[in-house]
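**Student:** Below is one structure. I have some questions about it.
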Amino acid sequence: MTPKASTVSDAKRSVRRFISGQRSLLTPSILFVVLLVIAALHGPHLFTSDGLAGALIGASPLVVATMAITPIAIAGPAGVDLSIGPAMTLINIEIVLGLTKIGFTGPVAVFVFAIGLGVLLQAAMGALIAVLRVSTVVVTLAVYLVLDGLNTVILPHAEGAAPAWLSSWGSASTIFSPVLYVPLAAFVLWALISRTTFFRNIRLMGANDKTAFVSGIPLISTRIGAHVIAGVFVGIASLMYTGLIGSADPTAGASFTLSAVTALVIGGASLGGGHAKGLGSVLGAMDIWLISYVLSTFNFGLNASYWVQFTTGAVLVVSLVAGGILTNASGNRQWQEKWLLGWGK
Amino acid sequence: MIAADALDTRTNNRIVRAGALVVQEDDSAAVVKPGVASTPGIDVVAVREVSKSFGETHALRSCSFSARVGEVHAIVGENGSGKSTLAKLLAGVLRPDSGSVEVNGKRPASPHAARQMGIAVVFQEILVAEGGTVLDNLFLGDDGLFRARMSQRQKRGRAQELLSGLVASPVDLDATLDELPLNTRQWIVIARALLGNPRVVVFDESTAALDHPSVERFFDVVRHLRDSGVCVLIITHRIHELTTICDRATVLSDGVDVSTLTGAEITEARLLELMRGEVQPETHHPPLLERPLRGTRAHAEEALVVSGVKLTAQAAPIDLTVRTGEIVGLAGLEGHGQVEFIQMVTGFRQPAAGHVYVNRNGHRYTIDSAKSADRAGMAYIPGDRNSEGLFPNLSVFENFGISCYRATSRAGFINGRKVKKMFLEQVDDLSIRLGRSNAPINSLSGGSQQKVIIGRSLAASPLVIALNDPTRGVDISTKRDLYALLRSLAQGGKTILFLSNEIEEFVDLCDRVVVFRLQTVFSTLPAEQTTSDAVLAAMFGYNDSEGFDGVRR
Amino acid sequence: MTTTHEGQLGRAGRLDLRGVMTQHGSVAMAGVVLVALIAFGAFSIDGFWSLINLRSNLVFASFLGVATIGQTLCALIGGLDLSIPFVVGAANVGLVKLLNEGLPSGAGIVVVLVLAAAIGAFNGGVSHRLRGQSLVVTLGVGNAVLGLVQILVSSEGVSGISGGTIEGNIPQWIESLSWFNNSLGIAPAVILWAALTVLTILLLRRTWFGRALYALGGNQTAAERVLVSGPWSWTLVFSASAVTAAVTGILLLGYSGSGYAGVGDPYLFTTIAAVLIGGTSLVGGRGGYGLSVLGVFILTVLQTILSSYSLSSSAQEAILGALIIPTVALYARSPHPRMLI
């Protein structure tokens, strides 16, 4: 029988391992603290009850949206979902226009619809990607274009009114409201899902699909499952977003995709597959929201949106470059196989 | 030892019908007993006339064999004989084009189905999820859809139990795989296979990544499995190890089963003989070319100098000097460093220590990158032409021309006439059979494709030519052309490094054969001593081929 | 790398139908489609053959064509440039600002092009370094660039951006680039496109660099074995892409007379669609600019037809975006992991 190591060094080792496992959370956490400090100095309103409520409803669509694209990044390879923005916008439009037109405006109906549509879209994409074995990022780009165009065709300009109970979220002044409960529920849901063996299989498939395959993990259904999970969160995110703006806006898709992808990258997701943490995505999304909040305290006036666009783009690039510098220099040779298969995009 | 009754050892084994059991002890008469295939002696694996091709490559051609409960059955053959394909068929990873693969009467249609059927396969490639923990990797694929089959505690218990029997030092179940050495990873893969108490276990070259004490333990495991009634298939080309452990051995050659040996018949000599097949040794030799007299090369210059090169930080340093006109062969069991060595010599990999340089016109050119290698006059013919050499989207001509476009260009524009001339020269020199030069490259046979790649390197008039397994997947007449070419190039003053997995190629072609073992040079055989047996012996770590007769020291 | 010959299907594998079609086949098919579309347009749309319609189609085709040069080059080495729409907009708006600041037009154009080249070089270099993740990199860079330019261009004064547009004094010679009323009878923009087309095709077919791009797109490892430099190629290609995008932005400025940051938006899906329709593979190594020119024409006529059916630009975006999927389904599938063990 092998001798067991002493419990003290065992404990030390597991602590050390835990810490190094959280390495990817370092960047988003530091950024979070820095931004909070700047916010405290420049826009202390954030720390009032009103401000916090505003922050919650303001940030939660992006937070949940980033959680949505996380399983797809985990499932790898090159699992960047560019369609997230227009998909959320589509659901947003349909809630405000479609559902109200046919009269289903109760919370249950709206929830079911939002999540259902999100799952449908994602499942279709996931099936295409999994069965045809085509590049995730290219397919999501195609869906991005389709939905972006579709959204503007359905609704050329922002208009409409969300159901009253939903738009009241946008003007919430206390944090003890659905503005808190819904994201909390999303976190709980994530916590539950990420502990299932199915989710672990998604991770293992993303880490090495050959190994997953020979071990009997069904690649197609695991990938589609990852997309279905994403779809649930897309629906919830879209719901929060509708609550935030109280109407429908067909043009929000592009900037949302940029923000969500940037949040994902800041959060430490490896675009190669297998490594991404829910907590990292949440932190990354909060960072992005904090950036736009901090920028808003600077009174850029008409330039506000330009500043947000610039900063988000710059942060994405800096995070990518920083992440690239941290990986080994000879990584180029190893990606050739995957690159050859057209997955490098 | 259990022997099969009425088995035809020449070709296809007859499959014992399900329900009947043939047990024969020491050549006595057979006794027939009904029973399920868990009683020793019954066939559990039945491979019948299986064929599998990949494009032009025929990996298996009407191959048949069977294996029994409670036996260790070796599948032996050279590279390309189809062994690994067989493993993949058994694992449910691939399906046969024709014929059938059955285990206990059922066909493994997918990896999951194979697992359910009690088949476990340990592949040549060590398949692990690097970012996952040891525990995760062990139970990969074991859990149900949403919930684990066993609780964490149960899993840990089982994992400890399994690993302690396999690995010498305790393994931290929460360590991630990228922290662990290759040896341990191999054990984890083996442990994963044994987790579900399989009825059939296939080990494909599993000892390649294990160090010596591990190999001993491995064979203990194999014996234990056999004694518990598991059918163990060991795919390998380390024949010498098997003679002490396997009950039967089936030899594959070129995709077909050649013979199945039993018991005392299993000797290295017999196995080697069967592996080499019907081909006469003479056909490997170029006809009529005289070997240059040793004397004329005694004063040849040093062309390539390898000094203090270490393949890994822990490996012993390598020193090698090759003179102009020499053909040096590089040999070794798979994974023992010869491929890394040739990559370092040609500048495509950095050594952990040491230098490589080429002497040219009195100048010393250091090689530490692809570019410096090119400048030094070093040419590299890569091993896997599909992934490293050919451009599938370009024509035959362009596959050649791409390497000389820049050097011959005028103001950036391609000098078509000059390149064409160089192309036709090489086509002529190498006797490349081609149709239209602007036909796509995959219209050529493997051998012709290889010649195009060689031709494009030769067009740059290199001083040193390093070839990594150039005759893999190449037909026999092209092989002969190639040997003749190498000899004439050497005669013309070029220096040649020739890595090969077909040991026969070294004989009468190389002035020396450098044999690699455990990431460093084990021994160097001069031409006079280069025989297949001697090289093989050296590959397994024996200096003296006489001591290499199947008896382990 | 010791892989068995069993596991390696050539990159085309048996899943890529493109291997069946030769270059000539692609040209023929594109040509047939174009003729069919023109015929359809001529029959169903009044005024299709009118000089005005033909001229405006030609001018728009040349705008798209110039921008597609970059996208084609990127696709050939296996990447995509999502920053094109942003660079188009940034050049468009940036040049107006420079002109408003008093810079002579020639100098202003040079500045814009040099900056674009630098941006593109950054795109290419970083993308290559990050294992070919060009889509995400160019998305970030594009947004950052446009955001920054809009910040720099706008100011409290009248000459700043409002609602995304910026007014300025555009020299007539720039405006006249899209006019047909000159001694040649053809708008200079079209001539410019024609010249660039010839240059690009020459580059891709007859120079060592062009062929190196095909090699890189076909087999990166083998390309580096024959000393094709991955980093340099990616840098130069994406740099060229940004420059051609900037040129498009400048041409558009002349056409509309005022700067608009969103003027480049349609160029995301149209450049990709033109490349795809023409037959250049998104995986790399196959296709060429001649094919993209055909793709540009097909797209332009298609857009005219779709517009006549009151299908807005957004609807066209949706339809063409959807086209990407069957295209990759046919030409860009990867082998199953079982073949790679």
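Following the order of the structure tokens, chains are lettered A, B, ..., residues in each are numbered from 1, and ligands are numbered from 1.
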Write out as a list in words the residues lying within 9 Å of B:Ile188, counting only C-alpha atoms and excluding same-chain residues fewer than 6 positions away.

**Tutor:**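 With the cut-off at 9 Å, the set is Val128, Val134, Asn137, Leu138, Leu163, Leu166 and Val167 of chain B.
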
**Student:** What are the DSSP alpha helix (DSSP H) residues of stretch 17-250 of chain A, as a PyMOL selection string?

**Tutor:** chain A and resi 17-21+26-42+49-75+84-93+100-102+107-132+136-154+164-167+178-194+197-207+209-214+219-245

**Student:** Any idea what's packed within 7 Å of C:Ala121, counting only C-alpha atoms, ignoring anything in its chain fewer than 5 positions away? Could you give it as a list in words?

**Tutor:**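 Counting only the stated atoms, we get Thr235, Leu236, Phe238 and Ser239 of chain C.
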
**Student:** Would you save the residues from that selection as a compact mmCIF listing (two decimals), in the first residue's frame, using N, CA and C atoms?

**Tutor:**
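Dumped to again12.txt:
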```txt
# COMPACT_ATOMS: atom_id res chain seq x y z
N THR C 235 1.66 40.21 -41.55
CA THR C 235 1.77 41.65 -41.32
C THR C 235 1.51 42.41 -42.61
N LEU C 236 2.16 42.01 -43.69
CA LEU C 236 2.01 42.75 -44.94
C LEU C 236 0.59 42.62 -45.50
N PHE C 238 -2.30 42.04 -43.92
CA PHE C 238 -3.30 42.82 -43.17
C PHE C 238 -3.04 44.31 -43.30
N SER C 239 -1.77 44.67 -43.48
CA SER C 239 -1.47 46.07 -43.72
C SER C 239 -2.08 46.52 -45.04
```

**Student:** Would you mind listing what lies within 10 Å of stretch 214-229 of chain B as a VMD selection string, with only C-alpha atoms counted and same-chain residues fewer than 5 positions away left out?

**Tutor:** chain B and resid 37 to 41 68 to 73 165 to 168 183 to 184 187 190 194 197 to 201 203 206 to 209 234 241 to 242 244 to 247

**Student:** Which chain A residues have any atom within 6 Å of an atom of chain C, and for each, what is the nearest pair of atoms with distance in Å to one decimal, counting only C-alpha atoms, rows sorted by chain and number, as a tab-separated table?

**Tutor:**
```
residue	atom	partner	partner_atom	distance
A:Arg133	CA	C:Arg333	CA	5.5
A:Val134	CA	C:Arg333	CA	5.0
A:Ala142	CA	C:Gly321	CA	4.8
A:Leu145	CA	C:Gly321	CA	5.0
A:Val146	CA	C:Ala318	CA	3.6
A:Gly149	CA	C:Ser314	CA	4.1
A:Leu150	CA	C:Ala318	CA	5.8
A:Lys210	CA	C:Pro337	CA	5.3
A:Tyr306	CA	C:Gly147	CA	4.6
A:Gln309	CA	C:Gly147	CA	5.1
A:Phe310	CA	C:Ala144	CA	3.9
A:Gly313	CA	C:Gly140	CA	4.2
A:Ala314	CA	C:Ala144	CA	5.2
A:Leu316	CA	C:Gly140	CA	5.5
A:Val317	CA	C:Gly140	CA	5.5
A:Gly324	CA	C:Leu130	CA	5.8
A:Leu341	CA	C:Ser334	CA	5.4
A:Gly342	CA	C:Val283	CA	5.2
A:Gly344	CA	C:Gly132	CA	5.1
A:Lys345	CA	C:Gln133	CA	4.8
```

**Student:** Output C-alpha atoms of each residue in that selection to a file, as a compact mmCIF listing (two decimals), in the first residue's frame.

**Tutor:**
```
# COMPACT_ATOMS: atom_id res chain seq x y z
CA ARG A 133 -17.46 20.26 -37.98
CA VAL A 134 -17.09 23.82 -39.16
CA ALA A 142 -22.65 34.35 -40.27
CA LEU A 145 -24.82 39.06 -39.96
CA VAL A 146 -28.12 37.29 -40.46
CA GLY A 149 -29.81 42.38 -40.79
CA LEU A 150 -32.98 40.69 -39.65
CA LYS A 210 -9.56 13.29 -29.38
CA TYR A 306 -16.94 56.91 -28.91
CA GLN A 309 -16.11 52.01 -28.24
CA PHE A 310 -12.47 52.98 -28.18
CA GLY A 313 -11.73 47.76 -28.38
CA ALA A 314 -8.44 48.78 -26.84
CA LEU A 316 -9.82 43.66 -25.95
CA VAL A 317 -6.64 44.06 -27.92
CA GLY A 324 -0.50 35.94 -26.04
CA LEU A 341 -8.13 22.60 -40.12
CA GLY A 342 -9.45 26.10 -40.44
CA GLY A 344 -7.63 29.19 -36.19
CA LYS A 345 -10.03 31.95 -37.00
```

**Student:** Near stretch 530-534 of chain B, counting only C-alpha atoms, which residues have an atom at most 6 Å away, once you skip same-chain residues fewer than 4 positions from it, shown as a JSON list (two decimals) with C-alpha atoms, in the first residue's frame?

**Tutor:**
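File out-v8.json, as written:
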```
[["chain", "number", "residue", "atom", "x", "y", "z"],
["B", 503, "ILE", "CA", 16.09, -1.30, -40.54],
["B", 504, "GLU", "CA", 16.92, -3.11, -43.75],
["B", 507, "VAL", "CA", 22.32, -2.24, -44.68],
["B", 525, "LEU", "CA", 27.62, 0.78, -36.01],
["B", 545, "SER", "CA", 23.83, -8.84, -31.13]]
```
